[in-house]
$ cat start-v6.tsv   # TSV, C-alpha atoms
chain	number	residue	atom	x	y	z
A	1	MET	CA	16.35	1.32	44.39
A	2	SER	CA	17.77	3.80	41.91
A	3	VAL	CA	17.97	7.51	42.60
A	4	VAL	CA	16.97	9.90	39.81
A	5	GLU	CA	16.93	13.62	39.30
A	6	ARG	CA	14.00	15.19	37.46
A	7	ARG	CA	14.24	18.46	35.57
A	8	PHE	CA	11.23	20.18	33.99
A	9	SER	CA	11.52	22.97	31.46
A	10	VAL	CA	9.47	24.73	28.81
A	11	CYS	CA	10.37	23.44	25.35
A	12	ALA	CA	11.02	26.34	23.00
A	13	GLY	CA	11.17	24.08	19.96
A	14	LEU	CA	7.52	23.01	20.29
A	15	PRO	CA	4.23	24.92	20.27
A	16	SER	CA	3.12	26.80	23.37
A	17	GLY	CA	2.08	24.62	26.31
A	18	TRP	CA	4.50	21.75	25.73
A	19	LYS	CA	6.91	20.83	28.55
A	20	ARG	CA	10.09	18.79	28.55
A	21	GLU	CA	11.14	16.38	31.34
A	22	GLU	CA	14.70	15.18	31.73
A	23	ILE	CA	15.37	12.27	34.10
A	24	ILE	CA	19.00	11.74	35.12
A	25	ARG	CA	19.75	8.44	36.87
A	26	LYS	CA	22.13	8.87	39.81
A	27	SER	CA	22.74	5.27	40.91
A	28	GLY	CA	22.64	1.66	39.78
A	29	LEU	CA	23.99	0.11	36.60
A	30	SER	CA	22.38	2.82	34.48
A	31	ALA	CA	23.87	5.70	36.45
A	32	GLY	CA	24.49	8.72	34.24
A	33	LYS	CA	21.88	7.75	31.67
A	34	THR	CA	19.34	10.42	30.75
A	35	ASP	CA	15.74	9.81	29.68
A	36	VAL	CA	13.74	12.52	27.93
A	37	TYR	CA	9.95	12.80	27.94
A	38	TYR	CA	7.50	15.46	26.83
A	39	TYR	CA	4.08	16.49	28.08
A	40	SER	CA	1.43	17.89	25.79
A	41	PRO	CA	-0.80	20.78	26.90
A	42	ASP	CA	-3.54	18.28	27.83
A	43	GLY	CA	-1.15	16.29	30.08
A	44	ARG	CA	-0.32	13.33	27.85
A	45	LYS	CA	3.17	11.87	28.36
A	46	ILE	CA	5.13	11.51	25.11
A	47	ARG	CA	7.90	8.91	25.09
A	48	THR	CA	8.98	8.82	21.41
A	49	LYS	CA	9.09	11.15	18.42
A	50	PRO	CA	6.65	9.06	16.33
A	51	MET	CA	4.16	9.32	19.19
A	52	MET	CA	4.71	13.09	19.23
A	53	ALA	CA	4.09	13.21	15.49
A	54	ARG	CA	0.76	11.43	15.94
A	55	VAL	CA	-0.30	13.88	18.65
A	56	LEU	CA	0.69	17.01	16.73
A	57	GLY	CA	-0.51	15.74	13.35
A	58	ASP	CA	0.03	18.12	10.44
A	59	SER	CA	-0.09	21.22	12.60
A	60	PHE	CA	3.67	21.16	13.29
A	61	ASP	CA	6.64	19.98	11.22
A	62	LEU	CA	8.98	17.76	13.25
A	63	ALA	CA	11.47	17.16	10.43
A	64	SER	CA	14.18	19.36	12.00
A	65	PHE	CA	13.21	18.85	15.65
A	66	ASP	CA	15.76	17.02	17.83
A	67	PHE	CA	13.87	14.85	20.32
A	68	ARG	CA	16.84	14.48	22.68
A	69	SER	CA	17.72	18.15	23.06
A	70	GLY	CA	14.31	19.70	22.39
A	71	LYS	CA	15.79	22.14	19.88
A	72	ILE	CA	15.46	22.85	16.17
A	73	ASN	CA	18.51	21.61	14.29
A	74	GLN	CA	20.42	24.08	12.15
A	75	ASN	CA	21.42	21.28	9.78
A	76	PRO	CA	18.21	19.21	9.59
A	77	LEU	CA	19.40	16.71	7.02
A	78	ARG	CA	22.45	15.56	8.97
A	79	LYS	CA	20.63	15.53	12.31
A	80	ARG	CA	17.61	13.73	10.90
A	81	MET	CA	19.76	10.89	9.62
A	82	ARG	CA	21.38	10.58	13.05
A	83	HIS	CA	18.40	10.86	15.40
A	84	ASP	CA	15.20	10.38	13.40
A	85	ALA	CA	15.65	6.81	12.17
A	86	ALA	CA	12.06	5.99	13.14
A	87	LEU	CA	10.66	8.68	10.82
A	88	ALA	CA	13.09	8.46	7.90
A	89	LEU	CA	12.16	6.57	4.75
A	90	PRO	CA	14.05	3.37	3.98
A	91	ILE	CA	17.29	4.12	2.15
A	92	ARG	CA	19.10	1.57	0.02
A	93	GLN	CA	22.65	1.40	1.32
A	94	THR	CA	23.96	-1.60	-0.61
A	95	ALA	CA	26.87	-1.26	-2.98
A	96	SER	CA	26.30	-1.13	-6.71
A	97	ILE	CA	25.64	-4.54	-8.25
A	98	PHE	CA	26.37	-3.41	-11.80
A	99	LYS	CA	29.94	-4.45	-12.58
A	100	GLN	CA	29.92	-3.62	-16.30
A	101	PRO	CA	30.82	-0.07	-17.47
A	102	VAL	CA	28.02	2.37	-18.23
A	103	THR	CA	27.79	5.11	-20.84
A	104	VAL	CA	28.13	8.71	-19.65
A	105	LYS	CA	26.20	11.31	-21.68
A	106	ARG	CA	26.88	15.00	-21.01
A	107	THR	CA	25.44	18.24	-22.35
A	108	ARG	CA	28.73	20.15	-22.07
A	109	SER	CA	31.41	19.04	-24.51
A	110	HIS	CA	34.30	20.42	-22.47
A	111	SER	CA	33.58	18.15	-19.50
A	112	LYS	CA	35.99	15.24	-19.18
A	113	THR	CA	35.73	12.01	-17.22
A	114	LYS	CA	38.02	9.10	-16.53
A	115	THR	CA	36.08	7.06	-19.07
A	116	ASP	CA	36.85	9.58	-21.82
A	117	LEU	CA	40.53	9.57	-20.99
A	118	LYS	CA	40.69	5.77	-21.17
A	119	HIS	CA	38.31	4.79	-23.96
A	120	GLY	CA	37.43	7.98	-25.84
A	121	VAL	CA	34.01	9.54	-26.32
A	122	GLN	CA	31.14	7.11	-25.74
A	123	ASP	CA	28.08	6.79	-27.98
A	124	GLN	CA	24.63	7.45	-26.59
A	125	PRO	CA	22.86	4.15	-25.86
A	126	LYS	CA	19.77	3.23	-27.85
A	127	GLN	CA	16.59	2.20	-26.10
A	128	LEU	CA	15.08	-1.13	-27.10
A	129	PHE	CA	11.44	-1.15	-28.20
A	130	TRP	CA	11.25	2.65	-28.13
A	131	GLU	CA	8.53	2.40	-30.78
A	132	LYS	CA	6.04	1.23	-28.14
A	133	ARG	CA	6.08	4.72	-26.61
A	134	LEU	CA	4.28	5.99	-29.73
A	135	GLN	CA	1.29	3.67	-29.34
A	136	GLY	CA	-2.02	5.49	-29.50
A	137	LEU	CA	-0.61	8.43	-31.50
A	138	THR	CA	-1.92	9.00	-35.01
A	139	SER	CA	-0.96	11.40	-37.78
A	140	CYS	CA	-3.48	13.96	-39.06
A	141	ASP	CA	-3.68	16.29	-42.03
A	142	LYS	CA	-4.25	20.04	-41.86
A	143	ASP	CA	-8.01	19.46	-41.36
A	144	GLU	CA	-7.28	17.18	-38.38
A	145	GLU	CA	-8.44	14.14	-40.32
A	146	LYS	CA	-6.57	10.99	-39.36
A	147	PHE	CA	-4.54	9.29	-42.06
A	148	LYS	CA	-5.55	5.80	-43.02
A	149	PRO	CA	-3.24	3.09	-41.60
A	150	PHE	CA	-0.69	1.48	-43.88
A	151	ASN	CA	-0.80	-2.19	-44.71
A	152	LEU	CA	2.52	-3.94	-44.44
A	153	PRO	CA	3.57	-6.51	-47.07
A	154	ARG	CA	3.12	-10.11	-46.04
A	155	ASN	CA	6.85	-10.78	-45.94
A	156	ILE	CA	7.43	-8.06	-43.32
A	157	ARG	CA	6.64	-9.44	-39.89
A	158	GLY	CA	7.33	-7.94	-36.52
A	159	ILE	CA	9.69	-9.45	-34.00
A	160	GLY	CA	9.42	-8.27	-30.42
A	161	PRO	CA	6.84	-7.99	-27.62
A	162	ALA	CA	3.42	-6.60	-28.62
A	163	LEU	CA	4.50	-4.48	-31.61
A	164	THR	CA	1.72	-3.27	-33.90
A	165	ASP	CA	1.99	-2.55	-37.63
A	166	GLU	CA	2.27	1.15	-36.83
A	167	ASN	CA	5.18	0.47	-34.47
A	168	LEU	CA	6.92	-1.51	-37.20
A	169	LEU	CA	6.46	1.31	-39.70
A	170	GLN	CA	7.88	3.78	-37.20
A	171	SER	CA	10.84	1.51	-36.62
A	172	ILE	CA	11.51	1.10	-40.36
A	173	ALA	CA	11.16	4.84	-41.02
A	174	ALA	CA	13.57	5.70	-38.20
A	175	CYS	CA	16.10	3.18	-39.49
A	176	LEU	CA	15.93	4.60	-43.04
A	177	HIS	CA	16.32	8.14	-41.71
A	178	ASN	CA	19.13	7.61	-39.21
A	179	ASN	CA	21.27	4.89	-40.76
A	180	SER	CA	23.17	4.67	-44.02
A	181	THR	CA	23.49	0.89	-43.79
A	182	PRO	CA	21.10	-1.46	-45.62
A	183	VAL	CA	17.84	-2.29	-43.85
A	184	LEU	CA	17.83	-6.06	-43.39
A	185	GLY	CA	15.84	-6.61	-40.19
A	186	GLN	CA	16.80	-8.65	-37.16
A	187	GLU	CA	18.99	-11.68	-37.67
A	188	ALA	CA	17.99	-13.24	-34.34
A	189	SER	CA	15.14	-15.72	-34.19
A	190	LYS	CA	12.02	-15.44	-32.05
A	191	VAL	CA	13.37	-18.08	-29.69
A	192	GLN	CA	16.54	-16.08	-29.07
A	193	LEU	CA	14.60	-12.88	-28.46
A	194	GLN	CA	12.30	-14.58	-25.98
A	195	LYS	CA	15.30	-15.80	-24.01
A	196	ASN	CA	17.20	-12.52	-23.87
A	197	PRO	CA	16.06	-9.61	-26.10
A	198	GLY	CA	18.72	-7.25	-24.81
A	199	VAL	CA	21.52	-9.48	-26.09
A	200	HIS	CA	20.22	-10.56	-29.48
A	201	ILE	CA	18.51	-7.37	-30.73
A	202	ASN	CA	20.43	-5.17	-33.16
A	203	ALA	CA	19.40	-1.60	-32.27
A	204	ASP	CA	20.54	-0.34	-35.70
A	205	GLN	CA	17.92	-2.46	-37.49
A	206	PRO	CA	14.10	-2.21	-37.36
A	207	MET	CA	12.09	-4.61	-35.25
A	208	ILE	CA	11.16	-6.92	-38.11
A	209	GLN	CA	12.27	-10.37	-39.15
A	210	SER	CA	15.07	-10.64	-41.66
A	211	VAL	CA	13.79	-9.63	-45.10
A	212	MET	CA	15.32	-10.25	-48.53
A	213	ILE	CA	14.17	-7.98	-51.39
A	214	ASN	CA	14.36	-9.48	-54.89
A	215	ASP	CA	14.09	-7.87	-58.31
A	216	ASP	CA	10.36	-8.54	-58.59
A	217	ASP	CA	9.74	-6.63	-55.37
A	218	VAL	CA	11.71	-3.66	-56.71
A	219	ARG	CA	9.78	-3.64	-60.01
A	220	ARG	CA	6.43	-3.76	-58.24
A	221	GLN	CA	7.44	-0.87	-56.01
A	222	GLU	CA	8.64	1.15	-59.00
A	223	GLN	CA	5.29	0.63	-60.70
A	224	LYS	CA	3.48	1.87	-57.60
A	225	VAL	CA	5.60	5.03	-57.61
A	226	ILE	CA	4.89	5.62	-61.31
A	227	ASP	CA	1.13	5.20	-60.74
A	228	ALA	CA	1.23	7.59	-57.76
A	229	ARG	CA	3.07	10.23	-59.78
A	230	ARG	CA	0.57	9.88	-62.63
A	231	ARG	CA	-2.37	10.44	-60.27
A	232	LEU	CA	-0.60	13.45	-58.75
A	233	ILE	CA	-0.09	15.03	-62.19
A	234	GLN	CA	-3.76	14.50	-63.01
A	235	ALA	CA	-4.82	16.07	-59.73
A	236	LEU	CA	-2.58	19.11	-60.29
A	237	ARG	CA	-3.88	19.61	-63.82
A	238	ALA	CA	-7.45	19.38	-62.60
A	239	GLY	CA	-6.74	21.92	-59.87
A	240	ASN	CA	-5.11	24.38	-62.29
A	241	LEU	CA	-8.03	24.00	-64.70
A	242	ALA	CA	-10.56	24.65	-61.94
A	243	SER	CA	-8.72	27.75	-60.73
A	244	SER	CA	-8.44	29.23	-64.27
A	245	THR	CA	-12.18	28.91	-64.89

$ encode --input "start-v6.tsv" --output "structure tokens"
Amino acid sequence: MSVVERRFSVCAGLPSGWKREEIIRKSGLSAGKTDVYYYSPDGRKIRTKPMMARVLGDSFDLASFDFRSGKINQNPLRKRMRHDAALALPIRQTASIFKQPVTVKRTRSHSKTKTDLKHGVQDQPKQLFWEKRLQGLTSCDKDEEKFKPFNLPRNIRGIGPALTDENLLQSIAACLHNNSTPVLGQEASKVQLQKNPGVHINADQPMIQSVMINDDDVRRQEQKVIDARRRLIQALRAGNLASST
């Protein structure tokens, strides 16, 4: 038969009416061990902190409450990680599995890292299939009338997952605006992209299949530009004539 010593006290770290019981074992194999229990105002015996949280509900925050001592911790984060394992969210504690170097992008140019000292300034990575973020967005004129969609030539075909004609136009326009290199499209085949898009995609080229432009294509495009300029001149003349009368 083990001998224990019971100590009751009012718990200052809990709402009014809560009591704390401390049982100190005096004999046996567990001599010196201390058990802590709490009693709610209605007489319920609380054995664990999760049980206390269910009884108190949202009326009292137990995040910084130390169940063993019955006090409010001054450093809640450190104490919570030590004593409140039952209430803490799961935390991933495995080591990093990414063995390849990553690109560091900073807003302050004077900051230096070990990567800069070894390999120089790194370029900002480009996101694959960024065009898909623009799906559902349409351009409008000053009267909030939507522009009619463009029709792509038959020899321009998309390459990539679920890219619409508008996405392809956005990709081509961005490539023409940002790069000084010729726009040739992707050299990889559909089979290669299905296996591993991140390896075979050239981020500097639009998401279209490889395209070769011949002289006939250039002449047809030049004729379209000439026709568009002629219609613009006619519209301007008609507008000036209407305003003068």

$ residues_near_point --input "start-v6.tsv" --point "(9.8, 15.0, 19.1)" --cutoff "9 Å" --atoms "only C-alpha atoms" --output "list in words"
Leu14, Tyr38, Ile46, Arg47, Thr48, Lys49, Pro50, Met51, Met52, Ala53, Leu62, Phe65, Asp66, Phe67, Arg68 and Gly70 of chain A

$ closest_residue --input "start-v6.tsv" --among "A:Asn202, A:Ser9, A:Asn73, A:Thr164" --to "Asn151 (chain A)" --atoms "only C-alpha atoms"
A:Thr164

$ closest_residue --input "start-v6.tsv" --among "A:Lys33, A:Arg229, A:Lys146, A:Lys19" --to "Val4 (chain A)" --atoms "only C-alpha atoms"
A:Lys33

$ residues_around --input "start-v6.tsv" --residues "Ile159 (chain A)" --least-positions-apart "5" --cutoff "6 Å" --atoms "all atoms listed in the file" --output "number ranges by chain"
A: 207-209

$ closest_residue --input "start-v6.tsv" --among "A:Val55, A:Ile201, A:Ile226, A:Glu5" --to "Ser27 (chain A)" --atoms "all atoms listed in the file"
A:Glu5

$ atom_distance --input "start-v6.tsv" --atom1 "CA of Phe60 (chain A)" --atom2 "CA of Arg7 (chain A)"
24.8 Å

$ residues_near_point --input "start-v6.tsv" --point "(-3.1, 0.6, -42.7)" --cutoff "12 Å" --atoms "only C-alpha atoms" --output "list in words"
Thr138, Lys146, Phe147, Lys148, Pro149, Phe150, Asn151, Leu152, Pro153, Thr164, Asp165, Glu166, Asn167, Leu168 and Leu169 of chain A

$ write_last_selection --input "start-v6.tsv" --atoms "C-alpha atoms" --output "mmCIF file, in the frame of the given file"
data_model
loop_
_atom_site.group_PDB
_atom_site.id
_atom_site.type_symbol
_atom_site.label_atom_id
_atom_site.label_comp_id
_atom_site.auth_asym_id
_atom_site.auth_seq_id
_atom_site.Cartn_x
_atom_site.Cartn_y
_atom_site.Cartn_z
ATOM 1 C CA THR A 138 -1.920 9.000 -35.010
ATOM 2 C CA LYS A 146 -6.570 10.990 -39.360
ATOM 3 C CA PHE A 147 -4.540 9.290 -42.060
ATOM 4 C CA LYS A 148 -5.550 5.800 -43.020
ATOM 5 C CA PRO A 149 -3.240 3.090 -41.600
ATOM 6 C CA PHE A 150 -0.690 1.480 -43.880
ATOM 7 C CA ASN A 151 -0.800 -2.190 -44.710
ATOM 8 C CA LEU A 152 2.520 -3.940 -44.440
ATOM 9 C CA PRO A 153 3.570 -6.510 -47.070
ATOM 10 C CA THR A 164 1.720 -3.270 -33.900
ATOM 11 C CA ASP A 165 1.990 -2.550 -37.630
ATOM 12 C CA GLU A 166 2.270 1.150 -36.830
ATOM 13 C CA ASN A 167 5.180 0.470 -34.470
ATOM 14 C CA LEU A 168 6.920 -1.510 -37.200
ATOM 15 C CA LEU A 169 6.460 1.310 -39.700
#

$ closest_residue --input "start-v6.tsv" --among "A:Asp204, A:Asp217, A:Glu22, A:Glu145" --to "Gly185 (chain A)" --atoms "all atoms listed in the file"
A:Asp204

$ closest_residue --input "start-v6.tsv" --among "A:Phe129, A:Gln223, A:Ser16, A:Tyr37" --to "Gly198 (chain A)" --atoms "only C-alpha atoms"
A:Phe129

$ atom_distance --input "start-v6.tsv" --atom1 "CA of Ser30 (chain A)" --atom2 "CA of Ser64 (chain A)"
29.1 Å

$ residues_around --input "start-v6.tsv" --residues "Val211 (chain A)" --least-positions-apart "5" --cutoff "9 Å" --atoms "only C-alpha atoms" --output "ChimeraX atom specification"
/A:155-157,183-186
